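Asks: Starting off with a structure, shown below.
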Amino acid sequence: MGELVLDDALMEKQQARIYAVCAVKLDENHTDAAEGTFDAALTNALVVIVAHEWSGEERERPGGTYLKSAKDLLKVVKENAEAGKKAHPVAGEPDVYVIPDPHPVTVEEPPVSVTEGRLLFSPERPWLPPLDTRIDVGTLTDALKATQPIRHGRKGGRPLERRHIDALLALDDHTSLMVLDAEREDRHERSASEEDHRERAQALKRLKRLGKDEADRRAAEAAENHEGYHPKHHPAGLDLQDCPVCNYMSFSSEGGDELGMQIGIGQCLVCHYERSSAIAQGEAREMLYEARFADD
């Protein structure tokens, strides 16, 4: 039994990951051969949600290994919501259902204006709405109808619409998912890292073309060409730093990282390597973690 629970937990994590990767990709571009990606995202998200709310109903047969399709999982949501089991219909919106926030923050309603007794800059915790999960069964079912013919090479079908993607993204509010922000951050960091790798390669090529004499000359002039800190004209400026590519003291920063670790954002005055803000923030976080671990 313990192994089964562990396997289910690992499977749920994998399903949430597939949903995140596919959903974020669709959020960025839902018009480029997105039908299979949409089906994978929706099916995996619904399997996780249904298993969490109505355990066992995500499977074709009780105790079986085969999982239901996205179409059938949407039927599970609809049937349970209309029966009042852990979900309910939204008044005035056909085929839209809500799974209530399991841990709502119980605080007073937010004031309509500051004249109701609370100061504009009140130290009290700000009011937050409950994080309910909105499942637009009608829109998601329509998306499946639009994409199924294309997925299976049949005539017909329609392109995905933005409303389909928005309904898919809304599933992330469920307590068993909440994975899209982390996936977006990971994609941003991977993209920045790949761009930095290309930037370093280009800087090395430029350095080779320059030759040592020209590189030495530029390094000697770097201090004159660098605009460092000035309390009035350049308050974000930093001193010249070592360039991580050419190793000259020639990296001129326009500013530093947000954590105050003195990682410059700017360009080398010799090889022209340019460090982006995203790379600077990443390096600063690594330095901060290393410092904290050293204290421990």
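Each chain in the structure tokens gets a letter, A, B and so on, in the order shown; residues start at 1 in every chain, and ligands are counted from 1 in the order they appear.
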Excluding region 8-12 of chain A and any residue of its chain fewer than 6 positions from it, enumerate the residues within 10 Å of it, using only C-alpha atoms, and give them as a PyMOL selection string.

Replies: chain A and resi 2+18+44-45+47-49+51-52+176-177

Asks: Take the residues just selected and output them with N, CA and C atoms as a PDB file, in the first residue's frame.

Replies:
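Output saved as out_3.pdb:
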ATOM      1  N   GLY A   2       1.949   1.245   0.780  1.00  0.00           N
ATOM      2  CA  GLY A   2       2.838   2.401   0.826  1.00  0.00           C
ATOM      3  C   GLY A   2       3.435   2.705  -0.527  1.00  0.00           C
ATOM      4  N   ILE A  18       3.426  18.117 -16.567  1.00  0.00           N
ATOM      5  CA  ILE A  18       3.014  18.111 -17.973  1.00  0.00           C
ATOM      6  C   ILE A  18       2.017  19.233 -18.226  1.00  0.00           C
ATOM      7  N   ASN A  44      -4.112  16.020 -18.189  1.00  0.00           N
ATOM      8  CA  ASN A  44      -3.294  15.849 -16.992  1.00  0.00           C
ATOM      9  C   ASN A  44      -3.784  16.721 -15.844  1.00  0.00           C
ATOM     10  N   ALA A  45      -4.219  17.939 -16.134  1.00  0.00           N
ATOM     11  CA  ALA A  45      -4.742  18.809 -15.077  1.00  0.00           C
ATOM     12  C   ALA A  45      -6.017  18.227 -14.480  1.00  0.00           C
ATOM     13  N   VAL A  47      -7.036  15.081 -14.482  1.00  0.00           N
ATOM     14  CA  VAL A  47      -6.746  13.861 -13.730  1.00  0.00           C
ATOM     15  C   VAL A  47      -6.318  14.215 -12.300  1.00  0.00           C
ATOM     16  N   VAL A  48      -5.440  15.197 -12.168  1.00  0.00           N
ATOM     17  CA  VAL A  48      -4.962  15.599 -10.840  1.00  0.00           C
ATOM     18  C   VAL A  48      -6.104  16.159  -9.999  1.00  0.00           C
ATOM     19  N   ILE A  49      -6.920  17.032 -10.598  1.00  0.00           N
ATOM     20  CA  ILE A  49      -8.017  17.661  -9.856  1.00  0.00           C
ATOM     21  C   ILE A  49      -9.061  16.636  -9.433  1.00  0.00           C
ATOM     22  N   ALA A  51      -8.765  13.370  -9.153  1.00  0.00           N
ATOM     23  CA  ALA A  51      -8.207  12.439  -8.164  1.00  0.00           C
ATOM     24  C   ALA A  51      -8.169  13.063  -6.779  1.00  0.00           C
ATOM     25  N   HIS A  52      -7.934  14.358  -6.728  1.00  0.00           N
ATOM     26  CA  HIS A  52      -7.858  15.057  -5.446  1.00  0.00           C
ATOM     27  C   HIS A  52      -9.242  15.241  -4.836  1.00  0.00           C
ATOM     28  N   SER A 176      -4.191  21.414  -5.847  1.00  0.00           N
ATOM     29  CA  SER A 176      -3.327  20.307  -6.244  1.00  0.00           C
ATOM     30  C   SER A 176      -2.414  20.664  -7.405  1.00  0.00           C
ATOM     31  N   LEU A 177      -2.596  21.842  -7.997  1.00  0.00           N
ATOM     32  CA  LEU A 177      -1.749  22.274  -9.112  1.00  0.00           C
ATOM     33  C   LEU A 177      -0.887  23.463  -8.682  1.00  0.00           C
TER      34      LEU A 177
END

Asks: Show me a table, sorted first by chain and then by increasing residue number, of the residues of region 117-218 of chain A having an atom at most 12 Å from region 261-268 of chain A, each with its shortest atom pair and the distance in Å to one decimal, counting only C-alpha atoms and written as CSV.

Replies:
residue,atom,partner,partner_atom,distance
A:Glu199,CA,A:Gln267,CA,10.8
A:Arg200,CA,A:Cys268,CA,11.0
A:Ala203,CA,A:Cys268,CA,9.2
A:Leu204,CA,A:Cys268,CA,11.7
A:Arg206,CA,A:Cys268,CA,11.6
A:Leu207,CA,A:Cys268,CA,11.0
A:Ala215,CA,A:Cys268,CA,11.2
A:Arg218,CA,A:Cys268,CA,10.0

Asks: Limited to N, CA and C atoms, could you put the picked residues into a file as a PDB file, in the first residue's frame?

Replies:
ATOM      1  N   GLU A 199      25.935  34.844 -25.879  1.00  0.00           N
ATOM      2  CA  GLU A 199      26.619  36.119 -25.709  1.00  0.00           C
ATOM      3  C   GLU A 199      28.091  35.906 -25.359  1.00  0.00           C
ATOM      4  N   ARG A 200      28.374  34.947 -24.497  1.00  0.00           N
ATOM      5  CA  ARG A 200      29.762  34.648 -24.131  1.00  0.00           C
ATOM      6  C   ARG A 200      30.550  34.122 -25.324  1.00  0.00           C
ATOM      7  N   ALA A 203      31.399  36.985 -27.549  1.00  0.00           N
ATOM      8  CA  ALA A 203      32.434  37.826 -26.940  1.00  0.00           C
ATOM      9  C   ALA A 203      33.813  37.195 -27.098  1.00  0.00           C
ATOM     10  N   LEU A 204      33.897  35.884 -26.963  1.00  0.00           N
ATOM     11  CA  LEU A 204      35.178  35.192 -27.155  1.00  0.00           C
ATOM     12  C   LEU A 204      35.664  35.321 -28.597  1.00  0.00           C
ATOM     13  N   ARG A 206      34.979  37.841 -30.619  1.00  0.00           N
ATOM     14  CA  ARG A 206      35.437  39.222 -30.780  1.00  0.00           C
ATOM     15  C   ARG A 206      36.820  39.406 -30.157  1.00  0.00           C
ATOM     16  N   LEU A 207      37.015  38.809 -28.974  1.00  0.00           N
ATOM     17  CA  LEU A 207      38.299  38.936 -28.285  1.00  0.00           C
ATOM     18  C   LEU A 207      39.419  38.338 -29.135  1.00  0.00           C
ATOM     19  N   ALA A 215      43.354  44.399 -27.156  1.00  0.00           N
ATOM     20  CA  ALA A 215      42.622  44.136 -25.920  1.00  0.00           C
ATOM     21  C   ALA A 215      43.291  44.849 -24.746  1.00  0.00           C
ATOM     22  N   ARG A 218      42.458  48.603 -24.949  1.00  0.00           N
ATOM     23  CA  ARG A 218      41.092  48.901 -24.507  1.00  0.00           C
ATOM     24  C   ARG A 218      40.968  48.770 -22.992  1.00  0.00           C
TER      25      ARG A 218
END

Asks: Return the single residue from A:Gly92, A:Gly36, A:Gly153, A:Pro100 that is closest to Glu53 (chain A), with distances computed using only C-alpha atoms.

Replies: A:Pro100

Asks: Between A:Ala219, A:Met249, A:Ile279, A:Ala23, which one has atoms that come closest to His164 (chain A), using only C-alpha atoms?

Replies: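 Closest to His164 (chain A), using only C-alpha atoms: A:Ala23.
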
Asks: If we count only C-alpha atoms and set the cut-off at 10 Å, which residues sit around Asp39 (chain A), ignoring sequence neighbours fewer than 5 positions away in its own chain? Please answer as a list in words.

Replies: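 That gives Tyr19, Cys22, Ala23, Ala34, Asn44, Ala45, Ser69, Ala70, Lys71, Leu140, Ala143, Leu144, Thr147, Gln148 and Arg151 of chain A.
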
Asks: Keeping only C-alpha atoms, write the selected residues as a PDB file, in the first residue's frame.

Replies:
ATOM      1  CA  TYR A  19       0.106  20.488 -17.439  1.00  0.00           C
ATOM      2  CA  CYS A  22       2.020  22.551 -22.011  1.00  0.00           C
ATOM      3  CA  ALA A  23      -0.181  25.305 -20.559  1.00  0.00           C
ATOM      4  CA  ALA A  34      -1.321  23.385 -30.473  1.00  0.00           C
ATOM      5  CA  ASN A  44      -3.294  15.849 -16.992  1.00  0.00           C
ATOM      6  CA  ALA A  45      -4.742  18.809 -15.077  1.00  0.00           C
ATOM      7  CA  SER A  69     -10.207  11.029 -21.266  1.00  0.00           C
ATOM      8  CA  ALA A  70     -10.477  14.780 -20.831  1.00  0.00           C
ATOM      9  CA  LYS A  71     -14.036  14.660 -22.172  1.00  0.00           C
ATOM     10  CA  LEU A 140     -13.171  23.331 -22.366  1.00  0.00           C
ATOM     11  CA  ALA A 143     -12.024  23.269 -27.234  1.00  0.00           C
ATOM     12  CA  LEU A 144     -11.941  19.477 -27.387  1.00  0.00           C
ATOM     13  CA  THR A 147      -9.240  20.126 -31.809  1.00  0.00           C
ATOM     14  CA  GLN A 148     -10.141  16.427 -31.923  1.00  0.00           C
ATOM     15  CA  ARG A 151      -5.495  15.646 -33.779  1.00  0.00           C
TER      16      ARG A 151
END

Asks: Give me the residues near Pro102 (chain A) as a ChimeraX atom specification, where near means some atom within 12 Å (using only C-alpha atoms) and where sequence neighbours in that chain fewer than 4 positions away do not count.

Replies: /A:52-53,86-87,98,106,130-133,173-176

Asks: Keeping only all heavy atoms, write the selected residues as an mmCIF file, in the first residue's frame.

Replies:
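Printed below is part.cif as written:
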data_model
loop_
_atom_site.group_PDB
_atom_site.id
_atom_site.type_symbol
_atom_site.label_atom_id
_atom_site.label_comp_id
_atom_site.auth_asym_id
_atom_site.auth_seq_id
_atom_site.Cartn_x
_atom_site.Cartn_y
_atom_site.Cartn_z
ATOM 1 N N HIS A 52 -7.934 14.358 -6.728
ATOM 2 C CA HIS A 52 -7.858 15.057 -5.446
ATOM 3 C C HIS A 52 -9.242 15.241 -4.836
ATOM 4 O O HIS A 52 -9.417 15.081 -3.617
ATOM 5 C CB HIS A 52 -7.190 16.416 -5.641
ATOM 6 C CG HIS A 52 -6.898 17.149 -4.371
ATOM 7 N ND1 HIS A 52 -7.820 17.959 -3.748
ATOM 8 C CD2 HIS A 52 -5.792 17.192 -3.585
ATOM 9 C CE1 HIS A 52 -7.304 18.470 -2.648
ATOM 10 N NE2 HIS A 52 -6.072 18.019 -2.524
ATOM 11 N N GLU A 53 -10.233 15.589 -5.661
ATOM 12 C CA GLU A 53 -11.561 15.898 -5.148
ATOM 13 C C GLU A 53 -12.475 14.675 -5.056
ATOM 14 O O GLU A 53 -13.256 14.542 -4.115
ATOM 15 C CB GLU A 53 -12.228 16.960 -6.048
ATOM 16 C CG GLU A 53 -11.496 18.285 -6.098
ATOM 17 C CD GLU A 53 -11.516 19.023 -4.769
ATOM 18 O OE1 GLU A 53 -12.360 18.694 -3.898
ATOM 19 O OE2 GLU A 53 -10.687 19.934 -4.585
ATOM 20 N N LYS A 86 -18.612 18.778 -3.354
ATOM 21 C CA LYS A 86 -17.343 19.508 -3.333
ATOM 22 C C LYS A 86 -17.230 20.583 -4.408
ATOM 23 O O LYS A 86 -16.164 21.174 -4.596
ATOM 24 C CB LYS A 86 -16.150 18.553 -3.470
ATOM 25 C CG LYS A 86 -16.015 17.562 -2.326
ATOM 26 C CD LYS A 86 -14.712 16.777 -2.449
ATOM 27 C CE LYS A 86 -14.522 15.832 -1.292
ATOM 28 N NZ LYS A 86 -13.234 15.093 -1.389
ATOM 29 N N ALA A 87 -18.311 20.855 -5.135
ATOM 30 C CA ALA A 87 -18.309 21.888 -6.171
ATOM 31 C C ALA A 87 -19.745 22.324 -6.397
ATOM 32 O O ALA A 87 -20.689 21.668 -5.931
ATOM 33 C CB ALA A 87 -17.692 21.358 -7.456
ATOM 34 N N VAL A 98 -17.542 25.733 -9.869
ATOM 35 C CA VAL A 98 -16.498 26.219 -8.977
ATOM 36 C C VAL A 98 -16.245 25.217 -7.874
ATOM 37 O O VAL A 98 -17.182 24.696 -7.260
ATOM 38 C CB VAL A 98 -16.899 27.584 -8.367
ATOM 39 C CG1 VAL A 98 -16.066 27.891 -7.127
ATOM 40 C CG2 VAL A 98 -16.708 28.693 -9.387
ATOM 41 N N THR A 106 -10.461 34.213 6.303
ATOM 42 C CA THR A 106 -11.661 34.821 6.871
ATOM 43 C C THR A 106 -11.299 36.156 7.522
ATOM 44 O O THR A 106 -10.879 36.221 8.672
ATOM 45 C CB THR A 106 -12.298 33.888 7.911
ATOM 46 O OG1 THR A 106 -11.311 33.548 8.894
ATOM 47 C CG2 THR A 106 -12.791 32.608 7.259
ATOM 48 N N PRO A 130 -11.201 34.701 -1.986
ATOM 49 C CA PRO A 130 -10.938 33.254 -1.915
ATOM 50 C C PRO A 130 -10.407 32.734 -3.245
ATOM 51 O O PRO A 130 -10.806 33.200 -4.317
ATOM 52 C CB PRO A 130 -12.310 32.663 -1.583
ATOM 53 C CG PRO A 130 -13.296 33.703 -2.026
ATOM 54 C CD PRO A 130 -12.617 35.022 -1.813
ATOM 55 N N LEU A 131 -9.504 31.776 -3.173
ATOM 56 C CA LEU A 131 -8.897 31.230 -4.384
ATOM 57 C C LEU A 131 -9.703 30.013 -4.837
ATOM 58 O O LEU A 131 -9.288 28.871 -4.703
ATOM 59 C CB LEU A 131 -7.437 30.847 -4.134
ATOM 60 C CG LEU A 131 -6.616 30.491 -5.386
ATOM 61 C CD1 LEU A 131 -6.561 31.668 -6.349
ATOM 62 C CD2 LEU A 131 -5.214 30.083 -4.988
ATOM 63 N N ASP A 132 -10.898 30.285 -5.357
ATOM 64 C CA ASP A 132 -11.732 29.215 -5.877
ATOM 65 C C ASP A 132 -11.188 28.743 -7.218
ATOM 66 O O ASP A 132 -10.508 29.485 -7.929
ATOM 67 C CB ASP A 132 -13.174 29.703 -6.061
ATOM 68 C CG ASP A 132 -13.810 30.151 -4.744
ATOM 69 O OD1 ASP A 132 -13.363 29.669 -3.693
ATOM 70 O OD2 ASP A 132 -14.745 30.979 -4.794
ATOM 71 N N THR A 133 -11.502 27.499 -7.557
ATOM 72 C CA THR A 133 -11.102 26.948 -8.856
ATOM 73 C C THR A 133 -12.289 26.990 -9.793
ATOM 74 O O THR A 133 -13.307 26.335 -9.555
ATOM 75 C CB THR A 133 -10.618 25.494 -8.716
ATOM 76 O OG1 THR A 133 -9.565 25.438 -7.751
ATOM 77 C CG2 THR A 133 -10.117 24.971 -10.054
ATOM 78 N N ASP A 173 -5.560 27.324 -10.414
ATOM 79 C CA ASP A 173 -5.930 27.813 -9.087
ATOM 80 C C ASP A 173 -6.210 26.679 -8.112
ATOM 81 O O ASP A 173 -6.272 26.914 -6.902
ATOM 82 C CB ASP A 173 -7.170 28.707 -9.180
ATOM 83 C CG ASP A 173 -6.859 30.065 -9.786
ATOM 84 O OD1 ASP A 173 -5.683 30.471 -9.760
ATOM 85 O OD2 ASP A 173 -7.786 30.721 -10.293
ATOM 86 N N HIS A 174 -6.382 25.466 -8.637
ATOM 87 C CA HIS A 174 -6.686 24.355 -7.736
ATOM 88 C C HIS A 174 -5.493 24.049 -6.844
ATOM 89 O O HIS A 174 -4.332 24.107 -7.278
ATOM 90 C CB HIS A 174 -7.074 23.109 -8.527
ATOM 91 C CG HIS A 174 -7.711 22.056 -7.685
ATOM 92 N ND1 HIS A 174 -6.992 21.042 -7.105
ATOM 93 C CD2 HIS A 174 -9.005 21.875 -7.282
ATOM 94 C CE1 HIS A 174 -7.815 20.271 -6.414
ATOM 95 N NE2 HIS A 174 -9.040 20.745 -6.494
ATOM 96 N N THR A 175 -5.768 23.696 -5.611
ATOM 97 C CA THR A 175 -4.713 23.474 -4.619
ATOM 98 C C THR A 175 -3.755 22.345 -4.993
ATOM 99 O O THR A 175 -2.623 22.309 -4.532
ATOM 100 C CB THR A 175 -5.348 23.176 -3.236
ATOM 101 O OG1 THR A 175 -4.328 23.080 -2.264
ATOM 102 C CG2 THR A 175 -6.143 21.871 -3.274
ATOM 103 N N SER A 176 -4.191 21.414 -5.847
ATOM 104 C CA SER A 176 -3.327 20.307 -6.244
ATOM 105 C C SER A 176 -2.414 20.664 -7.405
ATOM 106 O O SER A 176 -1.535 19.873 -7.770
ATOM 107 C CB SER A 176 -4.183 19.097 -6.637
ATOM 108 O OG SER A 176 -4.991 19.400 -7.766
#
